[in-house]
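**Q** After the C-alpha cells below, expect a handful of questions from me.
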Amino acid sequence: MKILIVGAGGREHALAWKIAQSPRADAIYSSVRAACGGKVIFAGNDLSKKENVLKFCKDKGIDFVVVGPEAPLADGMADLLRENGVPVFGPGRAGARLENSKAFSKNFLVNYNIPTSKAETYTDFASAKKAITEHALPVVVKADGLAAGKGVRICLTREDALTAVVDFMEKKIFGNAGDCVVVEEYLPGVEASVMAFVDGEHYLLLPVSRDHKRLYDKNQGPNTGGMGVYCPVPDVGEKELEFIKREVFDKVIAGLKKEKIDFCGIIYAGLMMTKNGPKVLEFNCRFGDPEAQAVLPLVKTDLLELLLACEQKKLAGMKLDVEDGACVCVVLASEGYPDKPLTGREITGLAQVNTAVFHAGTEVKDGKVLTKGGRVLGVTAVGENLRAARRKAYAEIEKIHFDGMQFRKDIGELQ
Ligand code: AMP
Ligand code: GLY
C-alpha cells in the first residue's frame, strides 16, 4: 500500500515512523525530511493545498491519505479527496468544525449535555465588553476560529480581559478568527488529553496523555503549542475513564450521528479534571501534537490497520493493545519561542541519541541539520514506568545542542 501523510511536524514524523512498522505499508510519502529513509520517501514541501495533494495522489497512485494538521481538514481537504475516490483518514469540513469553531463546539457540548465550562458567545464588541465587566474573575476569553493555539487568554483582571477582546475583535490579531469571541468560566484543575479513533459509528480510546502548555517549569510563562507530554496519566484511572466514555465520547458519537456528520478520524477531547469531575475544554479533530509523539510509541496494534478500520467503518471489530510501560516526550524549542522564534541554528549530537527524536521544525542545509521552527525536536523515550521514561528522555537530551535551546525540566514529574 502507498500512503501519503499530510503535514510536516513532530506529529507527522511520529505517524510516519509508526505506520512504517506495518507490514501492509510498502511506501510512505512524508514531508518530514528527517523521517525519510527505508519505506519513507520525501514527498516535497508543497503539500498543504488540497488541490496539490489530490494531484500528488493521482501522480503517485496513493492508496490512502492520513491528514495530520487541522488547517487542511478545516479547508475541506478530506472532502475533496473523498469526492475523487481517494480514501482518507481525517474528517471533512463539517466534522472539523468541532475544532475550528469554538462557538460551534460549545453549542455542541451544551446541546448534547456534555460536561463543560459555562460560556457565552459574542459577535459584537459592545456586548463582549459588557459581558467581561460583569463576569467573575478569572475569566477566559477565546477567539472563535483557529489561532494556532494562541487564541485563548486566561485573564486575572478586567483590564486583561478587555485587552483580549480588543486584540481579537478590534485589532483582529487573528484576522476573522476573532470576529466572534467566547467568554468562559475559568475551571481550576489539571488537564488530560483523551484521543479516540472514530469511524462515525464507534470509537476506540487511546491511552490518556498530559500535555504541558506553558513555556516554563511548574506551569509558568506563556501558553505554547505544547512543551512535552507523558502517557499514561496515573490520576485518570478506570473510574474517570468510565465517566469520560459515558459522558463525553458516547454523547459525541450520538451527537455527530444526529447532526449527520460522518466523522472518520481522531476526536481529541481536551479535559480539565475538576473537583466536580472531568469537563471538556475543547475538541480537536486530529491527533494532538506533541501528544501523538508520546502516545503512538505505546501502541502495539498495527496503526495502519486502525486508521484503515476508521475509513472502512470497521472499528467495532478492532482492539487496541498497548505497552505496559510509559512514554515521555520533551519538546526542545528555539530561543524566542513562542513569540518570535530565532531559527537557522545548527543542531549537533543527534547521531549519538539512542531514542526516538521526532523532528518538528528542522531542515538540512549543506549537510547540517538546522532549526527551522519554534518547536524543533520531540525527544521521546519509553520506559517500564514514568520515572524510567523520564530519566531516559532527559539523559538523551544532554547529547543534543543548539544555541538558545529551551525545554522544560519537569515533563513526567507528576502534577
Ligand atoms: P483551548 O485551546 O480551548 O484548549 O485552550 C488552551 C488552554 O487554555 C487549555 O489547554 C487550558 O490550559 C486553558 N483553558 C482553556 N479554557 C479554560 C477554562 N475554561 N478554564 C481554565 N483553563 C482553560
Ligand atoms: N497539544 C495540543 C494540541 O495538539 O492541540
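Chain identifiers are assigned as A, B, and so on, following the order in which chains appear in the C-alpha cells; residues are numbered from 1 within each chain, and ligands are numbered from 1 in order of appearance.
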Where does DSSP see alpha helix (DSSP H) in stretch 307-344 of chain A, if you list the residues as a list in words?
**A**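 Here are the alpha helix (DSSP H) residues of stretch 307-344 of chain A: Leu307, Leu308, Ala309, Cys310 and Glu311 of chain A.
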**Q** Report as a PyMOL selection string which protein, DNA and RNA residues come within 10 Å of ligand 2, using only C-alpha atoms and all ligand atoms.
**A** chain A and resi 11+69-70+99+148-149+193+209-213+224-229+268-270+282-292
**Q** Write out as JSON lines a residue-level contact list of chain A versus ligand 1 with cut-off 8 Å: for each qualifying residue the closest pair of atoms and the distance in Å to one decimal, counting only C-alpha atoms and all ligand atoms, rows sorted by chain and residue number upward.
**A**
```
{"residue": "A:Lys102", "atom": "CA", "partner": "ligand 1", "partner_atom_place_in_ligand_line": "3 (O)", "distance": 7.6}
{"residue": "A:Ser117", "atom": "CA", "partner": "ligand 1", "partner_atom_place_in_ligand_line": "19 (N)", "distance": 5.6}
{"residue": "A:Lys118", "atom": "CA", "partner": "ligand 1", "partner_atom_place_in_ligand_line": "19 (N)", "distance": 7.9}
{"residue": "A:Val139", "atom": "CA", "partner": "ligand 1", "partner_atom_place_in_ligand_line": "19 (N)", "distance": 7.8}
{"residue": "A:Val140", "atom": "CA", "partner": "ligand 1", "partner_atom_place_in_ligand_line": "19 (N)", "distance": 5.8}
{"residue": "A:Lys142", "atom": "CA", "partner": "ligand 1", "partner_atom_place_in_ligand_line": "3 (O)", "distance": 7.2}
{"residue": "A:Gly149", "atom": "CA", "partner": "ligand 1", "partner_atom_place_in_ligand_line": "2 (O)", "distance": 5.5}
{"residue": "A:Lys150", "atom": "CA", "partner": "ligand 1", "partner_atom_place_in_ligand_line": "2 (O)", "distance": 7.5}
{"residue": "A:Gly151", "atom": "CA", "partner": "ligand 1", "partner_atom_place_in_ligand_line": "2 (O)", "distance": 7.0}
{"residue": "A:Val152", "atom": "CA", "partner": "ligand 1", "partner_atom_place_in_ligand_line": "5 (O)", "distance": 5.4}
{"residue": "A:Arg153", "atom": "CA", "partner": "ligand 1", "partner_atom_place_in_ligand_line": "8 (O)", "distance": 7.0}
{"residue": "A:Ile154", "atom": "CA", "partner": "ligand 1", "partner_atom_place_in_ligand_line": "22 (N)", "distance": 6.6}
{"residue": "A:Glu184", "atom": "CA", "partner": "ligand 1", "partner_atom_place_in_ligand_line": "19 (N)", "distance": 5.6}
{"residue": "A:Glu185", "atom": "CA", "partner": "ligand 1", "partner_atom_place_in_ligand_line": "19 (N)", "distance": 5.2}
{"residue": "A:Tyr186", "atom": "CA", "partner": "ligand 1", "partner_atom_place_in_ligand_line": "20 (N)", "distance": 3.7}
{"residue": "A:Leu187", "atom": "CA", "partner": "ligand 1", "partner_atom_place_in_ligand_line": "20 (N)", "distance": 3.7}
{"residue": "A:Pro188", "atom": "CA", "partner": "ligand 1", "partner_atom_place_in_ligand_line": "21 (C)", "distance": 5.7}
{"residue": "A:Gly189", "atom": "CA", "partner": "ligand 1", "partner_atom_place_in_ligand_line": "21 (C)", "distance": 7.7}
{"residue": "A:Glu191", "atom": "CA", "partner": "ligand 1", "partner_atom_place_in_ligand_line": "12 (O)", "distance": 7.0}
{"residue": "A:Lys213", "atom": "CA", "partner": "ligand 1", "partner_atom_place_in_ligand_line": "12 (O)", "distance": 6.4}
{"residue": "A:Asn223", "atom": "CA", "partner": "ligand 1", "partner_atom_place_in_ligand_line": "7 (C)", "distance": 7.3}
{"residue": "A:Gly270", "atom": "CA", "partner": "ligand 1", "partner_atom_place_in_ligand_line": "4 (O)", "distance": 6.0}
{"residue": "A:Met272", "atom": "CA", "partner": "ligand 1", "partner_atom_place_in_ligand_line": "21 (C)", "distance": 7.4}
{"residue": "A:Leu281", "atom": "CA", "partner": "ligand 1", "partner_atom_place_in_ligand_line": "16 (N)", "distance": 5.2}
{"residue": "A:Glu282", "atom": "CA", "partner": "ligand 1", "partner_atom_place_in_ligand_line": "3 (O)", "distance": 4.8}
{"residue": "A:Phe283", "atom": "CA", "partner": "ligand 1", "partner_atom_place_in_ligand_line": "4 (O)", "distance": 7.6}
```
**Q** For the residues in that selection, give me C-alpha atoms as an mmCIF file, in the first residue's frame.
**A**
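File produced: out.cif:
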```
data_model
loop_
_atom_site.group_PDB
_atom_site.id
_atom_site.type_symbol
_atom_site.label_atom_id
_atom_site.label_comp_id
_atom_site.auth_asym_id
_atom_site.auth_seq_id
_atom_site.Cartn_x
_atom_site.Cartn_y
_atom_site.Cartn_z
ATOM 1 C CA LYS A 102 -15.157 27.271 19.384
ATOM 2 C CA SER A 117 -17.472 25.169 31.443
ATOM 3 C CA LYS A 118 -20.203 27.796 31.232
ATOM 4 C CA VAL A 139 -12.334 34.882 33.106
ATOM 5 C CA VAL A 140 -11.289 33.043 29.950
ATOM 6 C CA LYS A 142 -11.274 32.814 23.406
ATOM 7 C CA GLY A 149 -3.239 27.583 19.989
ATOM 8 C CA LYS A 150 -2.765 31.278 20.816
ATOM 9 C CA GLY A 151 -6.388 32.422 20.793
ATOM 10 C CA VAL A 152 -7.074 31.687 24.470
ATOM 11 C CA ARG A 153 -6.387 34.180 27.270
ATOM 12 C CA ILE A 154 -6.827 33.370 30.929
ATOM 13 C CA GLU A 184 -15.938 31.450 29.541
ATOM 14 C CA GLU A 185 -15.899 30.435 33.190
ATOM 15 C CA TYR A 186 -12.392 29.579 34.467
ATOM 16 C CA LEU A 187 -12.025 25.972 35.607
ATOM 17 C CA PRO A 188 -9.256 25.114 38.043
ATOM 18 C CA GLY A 189 -7.712 21.658 37.850
ATOM 19 C CA GLU A 191 -5.617 18.765 32.264
ATOM 20 C CA LYS A 213 1.103 24.051 27.537
ATOM 21 C CA ASN A 223 0.927 29.331 26.567
ATOM 22 C CA GLY A 270 -9.019 18.374 25.999
ATOM 23 C CA MET A 272 -9.991 19.701 32.789
ATOM 24 C CA LEU A 281 -12.322 22.484 27.399
ATOM 25 C CA GLU A 282 -12.015 21.855 23.691
ATOM 26 C CA PHE A 283 -12.248 19.319 20.913
#
```
**Q** Can you work out the spacing between atom CA of A:Cys231 and atom CA of A:Cys327 in Å, to one decimal?
**A**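 Interatomic distance, atom CA of A:Cys231 to atom CA of A:Cys327: 5.3 Å.
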**Q** As number ranges by chain, please: every residue in stretch 77-242 of chain A that DSSP puts in strand (DSSP E or B).
**A** A: 88-89, 116, 119-122, 139-143, 152-155, 181-185, 190-198, 203-205, 209-211, 214-216, 220-223, 228-231
**Q** When you count only C-alpha atoms, which of these residues is closest to A:Cys264: A:Arg246, A:Val88, A:Ala103, A:Val165?
**A**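 Using only C-alpha atoms, the shortest distance to A:Cys264 belongs to A:Val88.
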**Q** Quick one: residues within 12 Å of A:Thr123, only C-alpha atoms counted, chain neighbours fewer than 2 positions away excluded, as a list of chain:residue names?
**A**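 Contacts, in chain order: A:Ala103, A:Glu120, A:Thr121, A:Phe125, A:Ala126, A:Ser127, A:Ala128, A:Lys129, A:Ala131, A:Ala143, A:Asp144, A:Val165, A:Phe168, A:Met169, A:Glu170, A:Asn176, A:Ala177, A:Gly178, A:Asp179, A:Cys180, A:Val181, A:Val182, A:Val183.
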**Q** How about saving the chosen residues, N, CA and C atoms kept, as a short mmCIF file (atom, residue, chain, number, x, y, z; two decimals), in the first residue's frame?
**A**
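The new file again-v2.cif reads:
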```cif
data_model
loop_
_atom_site.label_atom_id
_atom_site.label_comp_id
_atom_site.auth_asym_id
_atom_site.auth_seq_id
_atom_site.Cartn_x
_atom_site.Cartn_y
_atom_site.Cartn_z
N ALA A 103 -17.28 28.37 18.97
CA ALA A 103 -18.71 28.61 19.21
C ALA A 103 -19.51 27.36 18.82
N GLU A 120 -20.46 32.06 27.07
CA GLU A 120 -21.35 32.80 26.17
C GLU A 120 -20.54 33.23 24.95
N THR A 121 -21.26 33.35 23.84
CA THR A 121 -20.59 33.73 22.58
C THR A 121 -21.04 35.12 22.17
N PHE A 125 -18.58 43.83 19.58
CA PHE A 125 -17.63 44.30 20.57
C PHE A 125 -18.31 44.81 21.84
N ALA A 126 -19.39 45.59 21.67
CA ALA A 126 -20.04 46.20 22.84
C ALA A 126 -20.58 45.14 23.80
N SER A 127 -21.22 44.11 23.26
CA SER A 127 -21.76 43.07 24.17
C SER A 127 -20.65 42.26 24.82
N ALA A 128 -19.58 42.01 24.06
CA ALA A 128 -18.46 41.25 24.65
C ALA A 128 -17.86 42.06 25.80
N LYS A 129 -17.73 43.36 25.58
CA LYS A 129 -17.13 44.23 26.59
C LYS A 129 -18.01 44.27 27.85
N ALA A 131 -20.06 41.96 28.82
CA ALA A 131 -20.00 40.64 29.47
C ALA A 131 -18.79 40.52 30.37
N ALA A 143 -10.79 33.42 21.11
CA ALA A 143 -11.17 33.74 19.73
C ALA A 143 -11.86 32.51 19.16
N ASP A 144 -12.91 32.74 18.39
CA ASP A 144 -13.71 31.62 17.88
C ASP A 144 -12.94 30.69 16.96
N VAL A 165 -10.28 41.16 24.34
CA VAL A 165 -11.41 41.44 23.45
C VAL A 165 -11.00 42.46 22.37
N PHE A 168 -8.68 40.68 19.84
CA PHE A 168 -9.36 39.72 18.95
C PHE A 168 -10.35 40.43 18.01
N MET A 169 -11.16 41.34 18.60
CA MET A 169 -12.29 41.87 17.81
C MET A 169 -11.97 43.17 17.08
N GLU A 170 -11.17 44.02 17.71
CA GLU A 170 -10.90 45.33 17.09
C GLU A 170 -9.59 45.32 16.31
N ASN A 176 -10.10 36.95 10.84
CA ASN A 176 -11.51 36.62 11.05
C ASN A 176 -11.75 35.67 12.21
N ALA A 177 -10.69 34.99 12.66
CA ALA A 177 -10.85 34.05 13.79
C ALA A 177 -11.38 34.76 15.03
N GLY A 178 -11.22 36.10 15.08
CA GLY A 178 -11.66 36.85 16.25
C GLY A 178 -12.97 37.60 16.05
N ASP A 179 -13.67 37.36 14.94
CA ASP A 179 -14.95 38.05 14.71
C ASP A 179 -15.96 37.69 15.78
N CYS A 180 -15.78 36.50 16.30
CA CYS A 180 -16.68 36.01 17.35
C CYS A 180 -15.78 35.60 18.52
N VAL A 181 -16.18 35.98 19.76
CA VAL A 181 -15.38 35.54 20.91
C VAL A 181 -16.26 34.75 21.88
N VAL A 182 -15.60 33.85 22.60
CA VAL A 182 -16.29 33.09 23.63
C VAL A 182 -15.75 33.58 24.98
N VAL A 183 -16.67 33.94 25.88
CA VAL A 183 -16.29 34.38 27.22
C VAL A 183 -16.70 33.27 28.18
#
```
**Q** Quick one: of A:Val299, A:Val6, A:Ile397, A:Val248, who's nearest to A:Phe108, counting only C-alpha atoms?
**A**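 Using only C-alpha atoms, A:Phe108 sits closest to A:Val248.
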**Q** Residues near A:Asn111, anyone? I mean within 12 Å using only C-alpha atoms, not counting same-chain ones fewer than 4 positions away, as a short mmCIF file (atom, residue, chain, number, x, y, z; two decimals) with C-alpha atoms, in the first residue's frame.
**A**
```
data_model
loop_
_atom_site.label_atom_id
_atom_site.label_comp_id
_atom_site.auth_asym_id
_atom_site.auth_seq_id
_atom_site.Cartn_x
_atom_site.Cartn_y
_atom_site.Cartn_z
CA PHE A 104 -19.87 25.55 17.25
CA SER A 105 -18.16 23.15 19.64
CA LYS A 106 -19.55 24.95 22.69
CA ASN A 107 -23.06 24.68 21.25
CA PRO A 115 -19.89 18.42 30.84
CA THR A 116 -18.11 21.69 30.04
CA LYS A 251 -22.54 11.53 23.64
CA VAL A 252 -20.19 12.89 20.98
CA ALA A 254 -24.63 10.23 19.28
CA GLY A 255 -24.44 13.98 18.57
CA LEU A 256 -22.46 13.53 15.36
CA LYS A 258 -27.86 13.29 14.97
CA GLU A 259 -26.17 16.15 13.11
#
```
**Q** Write out as a list in words which residues come within 9 Å of A:Leu306 when counting only C-alpha atoms, dropping same-chain ones fewer than 2 positions away.
**A**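 Everything that qualifies: Phe197, Thr301, Asp302, Leu303, Leu304, Leu308, Ala309, Cys310, Glu311, Lys314, Leu315, Met318, Lys319 and Leu320 of chain A.
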**Q** Atoms to include: all heavy atoms. Write the selected residues as a short mmCIF file (atom, residue, chain, number, x, y, z; two decimals), in the first residue's frame.
**A**
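For reference, part_19.cif as written:
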```cif
data_model
loop_
_atom_site.label_atom_id
_atom_site.label_comp_id
_atom_site.auth_asym_id
_atom_site.auth_seq_id
_atom_site.Cartn_x
_atom_site.Cartn_y
_atom_site.Cartn_z
N PHE A 197 -9.97 6.99 18.24
CA PHE A 197 -10.24 6.70 16.83
C PHE A 197 -11.75 6.69 16.67
O PHE A 197 -12.46 6.14 17.52
CB PHE A 197 -9.71 5.31 16.44
CG PHE A 197 -8.21 5.20 16.50
CD1 PHE A 197 -7.57 4.60 17.57
CD2 PHE A 197 -7.44 5.69 15.46
CE1 PHE A 197 -6.20 4.48 17.61
CE2 PHE A 197 -6.06 5.60 15.48
CZ PHE A 197 -5.44 4.98 16.56
N THR A 301 -0.81 -2.37 18.62
CA THR A 301 -1.62 -2.74 17.46
C THR A 301 -1.10 -2.00 16.23
O THR A 301 -0.67 -0.85 16.33
CB THR A 301 -3.09 -2.32 17.70
OG1 THR A 301 -3.47 -2.79 18.98
CG2 THR A 301 -4.04 -2.89 16.66
N ASP A 302 -1.18 -2.65 15.08
CA ASP A 302 -0.75 -2.05 13.82
C ASP A 302 -1.54 -0.74 13.57
O ASP A 302 -2.77 -0.77 13.39
CB ASP A 302 -1.02 -3.07 12.71
CG ASP A 302 -0.51 -2.61 11.35
OD1 ASP A 302 -0.61 -1.41 11.05
OD2 ASP A 302 -0.05 -3.48 10.60
N LEU A 303 -0.84 0.39 13.57
CA LEU A 303 -1.53 1.69 13.45
C LEU A 303 -2.24 1.82 12.11
O LEU A 303 -3.36 2.33 12.04
CB LEU A 303 -0.54 2.85 13.64
CG LEU A 303 -1.14 4.25 13.47
CD1 LEU A 303 -2.20 4.54 14.54
CD2 LEU A 303 -0.06 5.32 13.51
N LEU A 304 -1.60 1.33 11.05
CA LEU A 304 -2.23 1.44 9.73
C LEU A 304 -3.58 0.71 9.71
O LEU A 304 -4.55 1.21 9.15
CB LEU A 304 -1.28 0.91 8.65
CG LEU A 304 -1.79 0.98 7.22
CD1 LEU A 304 -2.15 2.40 6.81
CD2 LEU A 304 -0.73 0.41 6.25
N LEU A 308 -7.12 2.45 8.84
CA LEU A 308 -7.95 1.92 7.75
C LEU A 308 -9.32 1.49 8.28
O LEU A 308 -10.34 1.67 7.61
CB LEU A 308 -7.26 0.73 7.08
CG LEU A 308 -6.06 1.08 6.19
CD1 LEU A 308 -5.25 -0.17 5.85
CD2 LEU A 308 -6.51 1.79 4.92
N ALA A 309 -9.34 0.93 9.48
CA ALA A 309 -10.61 0.49 10.07
C ALA A 309 -11.55 1.69 10.25
O ALA A 309 -12.77 1.56 10.08
CB ALA A 309 -10.38 -0.21 11.40
N CYS A 310 -10.99 2.85 10.59
CA CYS A 310 -11.83 4.05 10.71
C CYS A 310 -12.42 4.40 9.35
O CYS A 310 -13.59 4.71 9.23
CB CYS A 310 -11.02 5.24 11.22
SG CYS A 310 -10.49 5.04 12.92
N GLU A 311 -11.60 4.33 8.33
CA GLU A 311 -12.04 4.72 6.99
C GLU A 311 -13.08 3.75 6.46
O GLU A 311 -14.00 4.13 5.75
CB GLU A 311 -10.81 4.80 6.08
CG GLU A 311 -10.97 5.65 4.86
CD GLU A 311 -11.61 4.91 3.70
OE1 GLU A 311 -11.35 3.69 3.57
OE2 GLU A 311 -12.37 5.52 2.95
N LYS A 314 -14.95 -0.11 10.25
CA LYS A 314 -14.79 -1.44 10.83
C LYS A 314 -14.15 -1.38 12.21
O LYS A 314 -13.51 -2.34 12.65
CB LYS A 314 -13.92 -2.30 9.91
CG LYS A 314 -14.62 -2.68 8.61
CD LYS A 314 -13.78 -3.66 7.81
CE LYS A 314 -14.52 -4.06 6.56
NZ LYS A 314 -13.60 -4.42 5.48
N LEU A 315 -14.30 -0.24 12.86
CA LEU A 315 -13.64 -0.06 14.14
C LEU A 315 -14.21 -1.00 15.22
O LEU A 315 -13.50 -1.40 16.14
CB LEU A 315 -13.79 1.40 14.57
CG LEU A 315 -12.76 1.98 15.51
CD1 LEU A 315 -11.34 1.74 15.01
CD2 LEU A 315 -13.00 3.47 15.69
N MET A 318 -12.17 -3.93 16.13
CA MET A 318 -10.76 -3.73 16.46
C MET A 318 -10.52 -3.65 17.96
O MET A 318 -11.39 -3.25 18.73
CB MET A 318 -10.25 -2.41 15.84
CG MET A 318 -10.29 -2.34 14.35
SD MET A 318 -9.17 -3.46 13.52
CE MET A 318 -7.56 -2.77 13.95
N LYS A 319 -9.31 -4.03 18.34
CA LYS A 319 -8.88 -3.92 19.74
C LYS A 319 -7.58 -3.12 19.76
O LYS A 319 -6.83 -3.16 18.78
CB LYS A 319 -8.60 -5.33 20.27
CG LYS A 319 -9.24 -5.62 21.59
CD LYS A 319 -8.93 -7.04 22.03
CE LYS A 319 -7.98 -7.04 23.20
NZ LYS A 319 -6.64 -7.46 22.99
N LEU A 320 -7.36 -2.43 20.83
CA LEU A 320 -6.13 -1.66 20.90
C LEU A 320 -5.22 -2.27 21.97
O LEU A 320 -5.57 -2.29 23.15
CB LEU A 320 -6.48 -0.21 21.27
CG LEU A 320 -5.35 0.78 21.16
CD1 LEU A 320 -5.01 1.03 19.70
CD2 LEU A 320 -5.72 2.09 21.82
#
```
**Q** Please measure the separation of atom CA of A:Arg345 and atom CA of A:Asn45, giving the value in Å to one decimal.
**A**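 Result for atom CA of A:Arg345 versus atom CA of A:Asn45: 20.3 Å, one decimal.
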**Q** What is the distance between atom CA of A:Val322 and atom CA of A:Thr380, in Å to one decimal?
**A**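 Taking atom CA of A:Val322 and atom CA of A:Thr380, their separation equals 16.5 Å.
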**Q** Here is a test: counting only C-alpha atoms, which residue of A:Glu346, A:Asp339, A:Asp167, A:Glu159 is nearest to A:Lys365?
**A**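 Closest to A:Lys365 of all the choices is A:Glu346.
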**Q** May I have the residues within 7 Å of stretch 200-205 of chain A as a list in words, using only C-alpha atoms and disregarding those fewer than 2 positions away in the same chain?
**A**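 Near stretch 200-205 of chain A, the qualifying residues are Met195, Ala196, Phe197, Val198, Pro207, Ile253, Asp262, Phe263, Cys264, Leu315 and Ala316 of chain A.
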**Q** Just want the 8 Å neighbourhood of stretch 21-29 of chain A, counted on only C-alpha atoms, with same-chain residues fewer than 4 positions away dropped. Output as a PyMOL selection string.
**A** chain A and resi 1-5+16-17+39-43+302-304
